[in-house]
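Data from target_1.cif: mmCIF, C-alpha atoms
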data_coords
#
loop_
_atom_site.label_atom_id
_atom_site.label_comp_id
_atom_site.auth_asym_id
_atom_site.auth_seq_id
_atom_site.Cartn_x
_atom_site.Cartn_y
_atom_site.Cartn_z
CA MET D 1 15.30 -16.40 5.55
CA PRO D 2 12.83 -14.84 3.12
CA HIS D 3 9.55 -16.78 2.75
CA ILE D 4 10.11 -17.24 -1.03
CA ALA D 5 13.17 -17.54 -3.28
CA LEU D 6 14.02 -13.83 -3.66
CA PRO D 7 17.28 -12.79 -5.40
CA GLU D 8 20.05 -13.09 -2.81
CA GLY D 9 21.99 -10.16 -1.36
CA LEU D 10 19.40 -7.49 -2.16
CA PRO D 11 18.10 -5.69 0.93
CA GLY D 12 14.43 -5.22 1.83
CA ILE D 13 12.04 -4.10 -0.88
CA THR D 14 14.71 -4.16 -3.60
CA SER D 15 14.61 -7.99 -3.56
CA GLY D 16 10.85 -7.89 -4.24
CA PHE D 17 11.44 -5.35 -7.01
CA ALA D 18 14.00 -7.64 -8.66
CA PHE D 19 11.68 -10.67 -8.25
CA ARG D 20 8.70 -8.97 -9.94
CA PRO D 21 9.63 -6.05 -12.26
CA GLU D 22 5.98 -5.65 -13.41
CA THR D 23 4.87 -4.56 -9.95
CA ALA D 24 8.18 -2.81 -9.14
CA LYS D 25 7.54 -0.16 -11.79
CA PRO D 26 4.30 1.33 -10.38
CA LEU D 27 5.53 0.81 -6.78
CA ARG D 28 8.67 2.85 -7.55
CA GLU D 29 6.72 5.52 -9.45
CA LEU D 30 4.24 5.98 -6.61
CA ALA D 31 7.09 6.51 -4.12
CA GLU D 32 8.71 8.99 -6.50
CA VAL D 33 5.53 11.09 -6.95
CA LEU D 34 4.62 11.04 -3.25
CA LEU D 35 8.07 11.69 -1.78
CA ARG D 36 9.95 13.63 -4.45
CA GLY D 37 7.36 15.03 -6.88
CA PRO D 38 6.47 18.75 -6.95
CA SER D 39 4.65 19.60 -3.70
CA SER D 40 4.29 22.45 -1.24
CA LEU D 41 5.52 20.01 1.44
CA PRO D 42 9.33 19.70 1.33
CA SER D 43 10.66 16.20 0.63
CA ALA D 44 12.25 16.18 4.11
CA GLU D 45 8.78 16.49 5.67
CA ARG D 46 7.24 13.85 3.40
CA GLU D 47 10.08 11.44 4.19
CA MET D 48 9.53 12.14 7.90
CA ILE D 49 5.86 11.14 7.54
CA ALA D 50 6.97 7.91 5.79
CA THR D 51 9.57 7.22 8.50
CA PHE D 52 7.09 7.88 11.28
CA VAL D 53 4.47 5.48 9.83
CA SER D 54 7.11 2.79 9.14
CA THR D 55 8.31 3.12 12.72
CA ARG D 56 4.75 2.67 14.01
CA ASN D 57 4.47 -0.42 11.78
CA ASP D 58 7.77 -1.68 13.20
CA CYS D 59 9.29 -2.23 9.74
CA TYR D 60 13.05 -2.01 10.33
CA PHE D 61 14.13 -1.79 6.69
CA CYS D 62 11.64 0.96 5.76
CA GLN D 63 12.01 3.09 8.87
CA THR D 64 15.82 2.96 8.75
CA SER D 65 16.16 3.67 5.01
CA HIS D 66 13.56 6.47 4.99
CA ARG D 67 15.04 7.91 8.20
CA ALA D 68 18.30 8.24 6.26
CA ALA D 69 16.51 9.75 3.22
CA ALA D 70 14.76 12.30 5.46
CA ALA D 71 18.06 13.18 7.14
CA HIS D 72 19.76 13.66 3.75
CA HIS D 73 17.00 16.08 2.75
CA ALA D 74 17.42 17.89 6.09
CA GLY D 75 21.15 18.63 5.94
CA GLY D 76 22.14 15.38 7.67
CA ASN D 77 20.04 16.09 10.76
CA TYR D 78 19.33 12.55 12.03
CA GLU D 79 18.52 13.97 15.48
CA LEU D 80 15.55 15.89 14.11
CA VAL D 81 14.24 12.83 12.24
CA ASP D 82 14.51 10.67 15.36
CA ALA D 83 12.69 13.31 17.41
CA VAL D 84 9.81 13.10 14.91
CA ARG D 85 9.92 9.28 14.87
CA PHE D 86 9.63 8.81 18.58
CA ASP D 87 7.91 11.92 19.98
CA TYR D 88 6.72 14.30 17.25
CA PRO D 89 4.49 16.47 19.50
CA ASN D 90 7.68 17.66 21.21
CA ALA D 91 9.91 17.71 18.11
CA PRO D 92 11.17 21.07 16.73
CA VAL D 93 8.96 20.96 13.62
CA SER D 94 6.10 23.25 12.49
CA ALA D 95 2.63 23.04 14.03
CA LYS D 96 1.36 22.20 10.54
CA LEU D 97 3.65 19.18 10.21
CA LYS D 98 2.60 18.02 13.69
CA ALA D 99 -1.05 18.15 12.62
CA LEU D 100 -0.23 16.16 9.46
CA LEU D 101 1.74 13.58 11.49
CA ALA D 102 -1.31 13.20 13.75
CA ILE D 103 -3.40 12.36 10.65
CA ALA D 104 -0.71 9.94 9.42
CA GLY D 105 -0.75 8.17 12.80
CA LYS D 106 -4.53 7.76 12.55
CA VAL D 107 -4.29 6.36 9.01
CA GLN D 108 -1.67 3.85 10.22
CA GLN D 109 -4.29 2.47 12.62
CA GLY D 110 -7.07 2.52 10.03
CA GLY D 111 -8.62 5.03 7.61
CA LYS D 112 -11.79 5.46 9.67
CA ASN D 113 -9.75 6.75 12.63
CA VAL D 114 -9.22 10.11 10.93
CA THR D 115 -11.76 12.55 12.42
CA PRO D 116 -13.13 15.85 11.11
CA GLU D 117 -11.32 17.43 14.08
CA ASP D 118 -7.96 16.06 12.87
CA ILE D 119 -8.60 17.65 9.47
CA GLN D 120 -9.81 20.88 11.02
CA ARG D 121 -6.65 21.14 13.11
CA ALA D 122 -4.45 20.64 10.01
CA ARG D 123 -6.43 23.32 8.13
CA GLU D 124 -6.11 25.73 11.05
CA GLU D 125 -2.34 25.26 10.91
CA GLY D 126 -2.39 26.14 7.21
CA ALA D 127 -2.47 22.73 5.50
CA THR D 128 -4.04 22.66 2.04
CA ASP D 129 -6.38 19.93 0.76
CA LEU D 130 -3.58 18.59 -1.44
CA GLU D 131 -1.23 18.38 1.56
CA ILE D 132 -3.88 16.55 3.57
CA HIS D 133 -4.59 14.22 0.62
CA ASP D 134 -0.91 13.42 0.18
CA THR D 135 -0.38 12.87 3.92
CA VAL D 136 -3.22 10.31 3.95
CA LEU D 137 -1.83 8.61 0.85
CA ILE D 138 1.80 8.58 2.05
CA ALA D 139 0.68 6.99 5.33
CA ALA D 140 -1.52 4.49 3.45
CA ALA D 141 1.24 3.67 0.94
CA PHE D 142 3.66 2.89 3.76
CA CYS D 143 1.10 0.56 5.30
CA MET D 144 1.51 -1.26 1.97
CA TYR D 145 5.30 -1.05 1.58
CA ASN D 146 5.87 -2.11 5.21
CA ARG D 147 3.60 -5.15 4.85
CA TYR D 148 5.21 -6.10 1.54
CA VAL D 149 8.73 -5.98 3.02
CA ASP D 150 7.89 -7.85 6.24
CA GLY D 151 5.22 -10.13 4.76
CA LEU D 152 7.90 -11.75 2.57
CA ALA D 153 10.49 -11.68 5.41
CA THR D 154 12.96 -9.91 3.10
CA TYR D 155 16.66 -9.68 3.97
CA THR D 156 17.23 -6.85 6.48
CA PRO D 157 20.83 -5.57 6.76
CA MET D 158 21.86 -4.13 10.13
CA ASP D 159 24.76 -2.00 8.82
CA ASN D 160 24.05 1.70 9.48
CA LYS D 161 26.52 2.89 6.86
CA LEU D 162 24.61 0.97 4.19
CA TYR D 163 21.36 2.72 5.18
CA ASP D 164 23.09 6.10 5.10
CA GLU D 165 24.23 5.41 1.52
CA MET D 166 20.76 4.16 0.57
CA GLY D 167 19.20 7.29 2.07
CA ALA D 168 21.55 9.52 0.05
CA HIS D 169 20.56 7.71 -3.15
CA MET D 170 16.83 7.86 -2.32
CA ALA D 171 17.04 11.58 -1.50
CA HIS D 172 19.21 12.69 -4.43
CA GLU D 173 18.65 10.15 -7.22
CA GLY D 174 15.12 9.10 -6.35
CA TYR D 175 13.10 5.91 -6.50
CA THR D 176 12.84 5.13 -10.18
CA LYS D 177 16.57 4.57 -10.71
CA PRO D 178 18.03 1.48 -9.01
CA ALA D 179 21.42 2.17 -7.42
CA GLY D 180 24.56 0.86 -9.11
CA ASN D 181 25.03 -1.63 -6.29
CA ALA D 182 21.29 -2.39 -6.44
CA ALA D 183 21.15 -1.58 -2.74
CA ALA D 184 19.10 1.58 -2.76
CA SER D 185 15.42 2.08 -3.27
CA ALA D 186 12.12 2.32 -1.41
CA MET O 1 -9.80 12.73 -10.22
CA PHE O 2 -8.23 14.84 -7.48
CA ARG O 3 -4.62 13.74 -8.04
CA PRO O 4 -3.90 12.16 -11.46
CA GLU O 5 -0.17 11.92 -10.69
CA THR O 6 -0.77 9.37 -7.94
CA ALA O 7 -3.76 7.72 -9.65
CA LYS O 8 -1.59 6.62 -12.58
CA PRO O 9 0.85 4.31 -10.73
CA MET O 10 -1.90 3.12 -8.37
CA ASN O 11 -4.17 2.06 -11.24
CA GLU O 12 -1.24 0.44 -13.01
CA LEU O 13 -0.40 -1.54 -9.86
CA VAL O 14 -4.02 -2.67 -9.46
CA ASP O 15 -4.21 -3.72 -13.13
CA VAL O 16 -0.96 -5.73 -12.98
CA LEU O 17 -1.88 -7.48 -9.73
CA LEU O 18 -5.56 -8.20 -10.38
CA ARG O 19 -5.78 -8.45 -14.18
CA GLY O 20 -2.27 -9.18 -15.50
CA PRO O 21 -1.27 -12.59 -16.92
CA HIS O 22 -1.29 -15.05 -14.02
CA THR O 23 -1.74 -18.61 -12.82
CA LEU O 24 -4.32 -17.30 -10.31
CA SER O 25 -7.55 -16.33 -12.07
CA PRO O 26 -8.79 -12.71 -11.88
CA GLY O 27 -11.74 -14.05 -9.84
CA GLU O 28 -9.38 -15.57 -7.24
CA ARG O 29 -7.27 -12.42 -7.04
CA GLU O 30 -10.36 -10.21 -6.66
CA LEU O 31 -11.55 -12.53 -3.86
CA ILE O 32 -8.28 -11.88 -2.00
CA GLY O 33 -8.80 -8.12 -2.45
CA ALA O 34 -12.45 -8.26 -1.35
CA TYR O 35 -11.54 -10.41 1.68
CA VAL O 36 -8.80 -8.05 2.92
CA SER O 37 -11.06 -5.03 2.35
CA ALA O 38 -13.84 -6.70 4.36
CA ARG O 39 -11.37 -7.32 7.21
CA ASN O 40 -10.42 -3.64 7.02
CA ASP O 41 -14.13 -2.78 7.08
CA CYS O 42 -13.83 -0.62 3.96
CA VAL O 43 -17.36 -0.71 2.54
CA TYR O 44 -16.62 0.79 -0.86
CA CYS O 45 -13.60 -1.47 -1.55
CA HIS O 46 -15.06 -4.74 -0.33
CA THR O 47 -18.32 -4.11 -2.18
CA ILE O 48 -16.79 -3.12 -5.52
CA HIS O 49 -14.09 -5.81 -5.48
CA GLY O 50 -16.65 -8.36 -4.29
CA ALA O 51 -18.81 -7.36 -7.27
CA VAL O 52 -15.86 -7.66 -9.67
CA ALA O 53 -14.99 -11.07 -8.19
CA ALA O 54 -18.62 -12.21 -8.64
CA HIS O 55 -18.59 -10.95 -12.22
CA HIS O 56 -15.51 -13.10 -12.94
CA LEU O 57 -17.14 -16.06 -11.11
CA ASN O 58 -20.31 -16.33 -13.22
CA GLY O 59 -22.22 -13.93 -10.99
CA ASN O 60 -21.78 -16.07 -7.88
CA GLU O 61 -22.33 -13.38 -5.22
CA GLU O 62 -23.05 -16.05 -2.63
CA LEU O 63 -19.55 -17.51 -2.94
CA VAL O 64 -18.04 -14.04 -2.55
CA GLY O 65 -20.06 -13.51 0.64
CA ALA O 66 -18.96 -16.91 1.96
CA VAL O 67 -15.28 -16.08 1.39
CA LYS O 68 -15.63 -12.72 3.16
CA ARG O 69 -17.42 -14.28 6.14
CA ASP O 70 -15.57 -17.60 6.64
CA PHE O 71 -13.24 -18.61 3.81
CA GLU O 72 -12.08 -21.85 5.49
CA HIS O 73 -15.62 -23.20 4.93
CA ALA O 74 -16.25 -21.62 1.54
CA ALA O 75 -16.39 -23.64 -1.70
CA VAL O 76 -12.94 -22.60 -2.97
CA SER O 77 -9.75 -24.63 -3.51
CA ASP O 78 -7.43 -25.60 -0.64
CA LYS O 79 -4.72 -23.56 -2.34
CA LEU O 80 -6.86 -20.42 -2.34
CA LYS O 81 -7.75 -21.02 1.33
CA ALA O 82 -4.04 -21.17 2.19
CA LEU O 83 -3.43 -17.94 0.24
CA LEU O 84 -6.39 -16.23 1.94
CA ALA O 85 -4.89 -17.24 5.31
CA ILE O 86 -1.64 -15.49 4.31
CA ALA O 87 -3.61 -12.42 3.13
CA GLY O 88 -5.39 -12.28 6.50
CA LYS O 89 -2.03 -12.29 8.29
CA VAL O 90 -0.68 -9.50 6.06
CA GLN O 91 -3.81 -7.47 6.81
CA GLN O 92 -2.85 -7.60 10.51
CA GLY O 93 0.84 -6.91 9.84
CA GLY O 94 3.62 -8.25 7.63
CA LYS O 95 5.44 -9.91 10.52
CA ASP O 96 2.37 -12.04 11.28
CA VAL O 97 3.06 -14.27 8.26
CA THR O 98 4.81 -17.42 9.56
CA PRO O 99 6.94 -20.04 7.77
CA GLU O 100 4.07 -22.46 8.55
CA ASP O 101 1.58 -20.27 6.65
CA VAL O 102 3.89 -20.29 3.64
CA GLU O 103 4.55 -24.04 3.99
CA ARG O 104 0.79 -24.73 3.96
CA ALA O 105 0.39 -22.73 0.74
CA ARG O 106 3.30 -24.60 -0.90
CA ARG O 107 1.82 -27.95 0.16
CA GLU O 108 -1.43 -26.98 -1.57
CA GLY O 109 0.50 -26.24 -4.74
CA ALA O 110 1.08 -22.46 -4.54
CA THR O 111 4.13 -21.13 -6.42
CA ASP O 112 6.52 -18.45 -5.13
CA LEU O 113 4.98 -15.97 -7.55
CA GLU O 114 1.48 -16.75 -6.27
CA ILE O 115 2.65 -16.28 -2.67
CA HIS O 116 4.46 -13.04 -3.60
CA ASP O 117 1.39 -11.64 -5.32
CA THR O 118 -0.93 -12.68 -2.49
CA VAL O 119 1.25 -10.75 -0.02
CA LEU O 120 1.38 -7.72 -2.32
CA ILE O 121 -2.36 -7.79 -3.14
CA ALA O 122 -3.15 -7.89 0.60
CA ALA O 123 -0.63 -5.10 1.29
CA MET O 124 -1.98 -3.01 -1.59
CA PHE O 125 -5.53 -3.25 -0.22
CA CYS O 126 -4.25 -2.11 3.18
CA MET O 127 -3.19 1.02 1.28
CA CYS O 128 -6.33 1.43 -0.84
CA ASN O 129 -8.69 0.85 2.10
CA ARG O 130 -6.87 3.47 4.22
CA TYR O 131 -6.82 5.91 1.30
CA VAL O 132 -10.56 5.56 0.69
CA ASP O 133 -11.62 5.73 4.35
CA GLY O 134 -8.91 8.17 5.45
CA LEU O 135 -10.40 10.78 3.12
CA ALA O 136 -13.99 9.76 4.08
CA THR O 137 -14.93 9.30 0.41
CA TRP O 138 -18.53 8.72 -0.69
CA ALA O 139 -19.75 5.11 -0.97
CA PRO O 140 -23.04 4.62 -2.87
CA GLU O 141 -25.55 2.26 -1.24
CA ASN O 142 -27.32 0.84 -4.30
CA PRO O 143 -25.91 -2.67 -5.09
CA ASP O 144 -26.68 -2.12 -8.79
CA PHE O 145 -24.16 0.72 -8.88
CA TYR O 146 -21.45 -1.78 -7.91
CA ARG O 147 -22.69 -4.49 -10.31
CA GLN O 148 -22.63 -2.08 -13.26
CA ARG O 149 -19.25 -0.62 -12.33
CA ALA O 150 -17.89 -4.18 -11.84
CA ALA O 151 -18.98 -5.23 -15.34
CA LYS O 152 -17.15 -2.22 -16.82
CA ILE O 153 -14.01 -2.91 -14.76
CA ALA O 154 -14.03 -6.60 -15.71
CA ALA O 155 -14.30 -5.65 -19.38
CA GLU O 156 -11.98 -2.64 -19.54
CA GLY O 157 -9.69 -2.62 -16.50
CA TYR O 158 -9.06 -0.17 -13.67
CA THR O 159 -6.98 2.38 -15.57
CA ALA O 160 -9.56 2.76 -18.35
CA VAL O 161 -12.60 2.96 -16.04
CA THR O 162 -10.97 5.51 -13.71
CA ALA O 163 -10.03 7.68 -16.69
CA ALA O 164 -13.60 7.48 -18.05
CA ILE O 165 -15.08 8.47 -14.67
CA ALA O 166 -12.69 11.40 -14.36
CA TYR O 167 -13.66 12.55 -17.85
CA SER O 168 -17.41 12.35 -17.18
CA THR O 169 -16.97 14.19 -13.85
CA THR O 170 -14.99 16.94 -15.58
CA SER O 171 -17.55 17.22 -18.39
CA ALA O 172 -20.44 17.41 -15.92
CA ALA O 173 -18.77 20.21 -13.94
#

This entry written out as structure tokens:
Amino acid sequence: MPHIALPEGLPGITSGFAFRPETAKPLRELAEVLLRGPSSLPSAEREMIATFVSTRNDCYFCQTSHRAAAAHHAGGNYELVDAVRFDYPNAPVSAKLKALLAIAGKVQQGGKNVTPEDIQRAREEGATDLEIHDTVLIAAAFCMYNRYVDGLATYTPMDNKLYDEMGAHMAHEGYTKPAGNAAASA
Amino acid sequence: MFRPETAKPMNELVDVLLRGPHTLSPGERELIGAYVSARNDCVYCHTIHGAVAAHHLNGNEELVGAVKRDFEHAAVSDKLKALLAIAGKVQQGGKDVTPEDVERARREGATDLEIHDTVLIAAMFCMCNRYVDGLATWAPENPDFYRQRAAKIAAEGYTAVTAAIAYSTTSAA
């Protein structure tokens, strides 16, 4: 049961979006810029950072929907996304992405946990300042989205097929257009 | 401004949540933001939002300090105390909010919209605090810097003040 009277039948964050359109707009736009806007980091990698942070925050709705979005950006490769979620140091991703995931994991704990050495490592692996900035902000933004979704105890579906469809919509249509069935968004 | 594309929706979110039309006063909403930022030990955020809260509350910096330190014994309404308790839970993690926390807020007269916005304000500050400290940004020490900035924010809003700062930084460069 959600803590407040959210519109029924809408999963996760979409019920909060429907409840409060004034805050939904900037929340959707921020996700769109961070995860799908022009960037030297592919959307698959940015969605993996979001999935990883949401997994660390134990937010079922966010980690499962963004896992699906990441997989849809990565040719349907759920195995790769799960490798990053649970054990990124041994996942088959670039050394640069590993260094960025290490920064994201520090931000999830608290901003002050990021050390000059973490940044140095990312730079050595070729990360730009903009990539480091966006990694910090993606991790920080998901510390917001995760708390919003769980802090209201929003409805969390358990149907994997639904998440796969949501992920396809998030990856291909984006975050500013609600899905026809209102089921897909951040 | 390093990244105007992300600054735009972030400032819009802050303006809607802290300054938009509401049954909670801007002073009360800024107190929630300052409290969460203090719990996250983000010096810049808890100082500037504390200063904005004080500006809205007739300059009562003492009250702001009392809320940050021990809100249950501060001179604020029982409703705001119940909302601050929810904000403190969100700061720890969304799942920490219990039906009892929400029940207490309802008993003290909080509406669903006020509870929703308290959760989202607390969550938003968990983002802003991590953003500010995760990049190790500069935090001035002079309290007058925060008082002056707070007066501008209270008068003009976050979007306008951020744009003005970006412009003056660009012009100075």

Practice problem: Have a look at D:Gly174, D:Pro38, D:Gly126, D:Pro7 and name the one nearest to Phe19 (chain D); count all atoms listed in the file. | Solution: D:Pro7

Self-check item: Option closest in space to Ala87 (chain O), from O:Thr111, O:Ser25, O:Asn40, O:Thr118 [counting all atoms listed in the file]
Solution: O:Thr118

Practice problem: Starting from the displayed file, determine the output of the PyMOL selection byres ((chain D and resi 156) around 8) and express the residue list as a ChimeraX atom specification. | Solution: /D:11-12,60-61,154-155,157-158

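Computed from the coordinates, the CA of Phe142 (chain D) to CA of Ser54 (chain D) distance equals 6.4 Å.
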
Practice problem: Find, counting all atoms listed in the file, the residue in O:Pro140, O:Gly88, O:Gly27, O:Gly157 that gets nearest to chain D. | Solution: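 Smallest distance to chain D is found for O:Gly88.
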
Quiz prompt | Expected selection from the PyMOL selection byres ((chain D) within 7 of (chain O)), given as an MDAnalysis selection string | solution = chainID D and resid 3:5 22:23 26 29:30 33 107 110:112 114 136:137 140:141 143:144 146:148 150:151

Quiz item: Could you list as a PyMOL selection string every residue that has an atom within 12 Å of (-10.7, -24.3, -8.4), using the file's coordinates and counting all atoms listed in the file?
Solution: chain O and resi 23-25+27-28+57+74-81+108-109

Dump C-alpha atoms for the selected residues as a PDB file, keeping the file's coordinate frame?
ATOM      1  CA  THR O  23      -1.740 -18.610 -12.820  1.00  0.00           C
ATOM      2  CA  LEU O  24      -4.320 -17.300 -10.310  1.00  0.00           C
ATOM      3  CA  SER O  25      -7.550 -16.330 -12.070  1.00  0.00           C
ATOM      4  CA  GLY O  27     -11.740 -14.050  -9.840  1.00  0.00           C
ATOM      5  CA  GLU O  28      -9.380 -15.570  -7.240  1.00  0.00           C
ATOM      6  CA  LEU O  57     -17.140 -16.060 -11.110  1.00  0.00           C
ATOM      7  CA  ALA O  74     -16.250 -21.620   1.540  1.00  0.00           C
ATOM      8  CA  ALA O  75     -16.390 -23.640  -1.700  1.00  0.00           C
ATOM      9  CA  VAL O  76     -12.940 -22.600  -2.970  1.00  0.00           C
ATOM     10  CA  SER O  77      -9.750 -24.630  -3.510  1.00  0.00           C
ATOM     11  CA  ASP O  78      -7.430 -25.600  -0.640  1.00  0.00           C
ATOM     12  CA  LYS O  79      -4.720 -23.560  -2.340  1.00  0.00           C
ATOM     13  CA  LEU O  80      -6.860 -20.420  -2.340  1.00  0.00           C
ATOM     14  CA  LYS O  81      -7.750 -21.020   1.330  1.00  0.00           C
ATOM     15  CA  GLU O 108      -1.430 -26.980  -1.570  1.00  0.00           C
ATOM     16  CA  GLY O 109       0.500 -26.240  -4.740  1.00  0.00           C
TER      17      GLY O 109
END

Quiz item: Got a sec to resolve the PyMOL selection byres ((chain D and resi 76) around 12) on this structure and send the residues as a ChimeraX atom specification?
Solution: /D:44,67-75,77-82,164-165,167-168,171

Quiz item: Hey, what's within 12 Å of Ala83 (chain D) if we count only C-alpha atoms and toss same-chain stuff fewer than 5 positions away? As a list of chain:residue names, please?
Solution: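 The residues that qualify are D:Met48, D:Thr51, D:Phe52, D:Arg67, D:Ala71, D:Asn77, D:Tyr78, D:Tyr88, D:Pro89, D:Asn90, D:Ala91, D:Pro92, D:Val93, D:Lys98.
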
Quiz item: How many Å separate CA of Ile138 (chain D) from CA of Ala34 (chain O)?
Solution: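 According to the coordinates, CA of Ile138 (chain D) and CA of Ala34 (chain O) are separated by 22.3 Å.
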
Since the input has fewer atoms than a full residue there, write region 30-42 of chain O out with N, CA and C atoms, as a PDB file, keeping the file's coordinate frame.
ATOM      1  N   GLU O  30      -9.366 -11.172  -7.157  1.00  0.00           N
ATOM      2  CA  GLU O  30     -10.360 -10.210  -6.660  1.00  0.00           C
ATOM      3  C   GLU O  30     -10.937 -10.680  -5.315  1.00  0.00           C
ATOM      4  N   LEU O  31     -11.067 -12.005  -5.151  1.00  0.00           N
ATOM      5  CA  LEU O  31     -11.550 -12.530  -3.860  1.00  0.00           C
ATOM      6  C   LEU O  31     -10.583 -12.159  -2.737  1.00  0.00           C
ATOM      7  N   ILE O  32      -9.275 -12.252  -3.019  1.00  0.00           N
ATOM      8  CA  ILE O  32      -8.280 -11.880  -2.000  1.00  0.00           C
ATOM      9  C   ILE O  32      -8.447 -10.387  -1.653  1.00  0.00           C
ATOM     10  N   GLY O  33      -8.619  -9.552  -2.685  1.00  0.00           N
ATOM     11  CA  GLY O  33      -8.800  -8.120  -2.450  1.00  0.00           C
ATOM     12  C   GLY O  33     -10.071  -7.813  -1.672  1.00  0.00           C
ATOM     13  N   ALA O  34     -11.167  -8.495  -2.032  1.00  0.00           N
ATOM     14  CA  ALA O  34     -12.450  -8.260  -1.350  1.00  0.00           C
ATOM     15  C   ALA O  34     -12.363  -8.722   0.113  1.00  0.00           C
ATOM     16  N   TYR O  35     -11.675  -9.875   0.325  1.00  0.00           N
ATOM     17  CA  TYR O  35     -11.540 -10.410   1.680  1.00  0.00           C
ATOM     18  C   TYR O  35     -10.758  -9.452   2.584  1.00  0.00           C
ATOM     19  N   VAL O  36      -9.615  -8.976   2.111  1.00  0.00           N
ATOM     20  CA  VAL O  36      -8.800  -8.050   2.920  1.00  0.00           C
ATOM     21  C   VAL O  36      -9.580  -6.760   3.188  1.00  0.00           C
ATOM     22  N   SER O  37     -10.293  -6.270   2.175  1.00  0.00           N
ATOM     23  CA  SER O  37     -11.060  -5.030   2.350  1.00  0.00           C
ATOM     24  C   SER O  37     -12.196  -5.215   3.356  1.00  0.00           C
ATOM     25  N   ALA O  38     -12.801  -6.426   3.372  1.00  0.00           N
ATOM     26  CA  ALA O  38     -13.840  -6.700   4.360  1.00  0.00           C
ATOM     27  C   ALA O  38     -13.237  -6.703   5.758  1.00  0.00           C
ATOM     28  N   ARG O  39     -12.043  -7.316   5.895  1.00  0.00           N
ATOM     29  CA  ARG O  39     -11.370  -7.320   7.210  1.00  0.00           C
ATOM     30  C   ARG O  39     -11.009  -5.908   7.650  1.00  0.00           C
ATOM     31  N   ASN O  40     -10.711  -5.036   6.690  1.00  0.00           N
ATOM     32  CA  ASN O  40     -10.420  -3.640   7.020  1.00  0.00           C
ATOM     33  C   ASN O  40     -11.688  -2.800   7.127  1.00  0.00           C
ATOM     34  N   ASP O  41     -12.839  -3.449   6.954  1.00  0.00           N
ATOM     35  CA  ASP O  41     -14.130  -2.780   7.080  1.00  0.00           C
ATOM     36  C   ASP O  41     -14.259  -1.573   6.151  1.00  0.00           C
ATOM     37  N   CYS O  42     -13.713  -1.693   4.942  1.00  0.00           N
ATOM     38  CA  CYS O  42     -13.830  -0.620   3.960  1.00  0.00           C
ATOM     39  C   CYS O  42     -14.981  -0.980   3.025  1.00  0.00           C
TER      40      CYS O  42
END
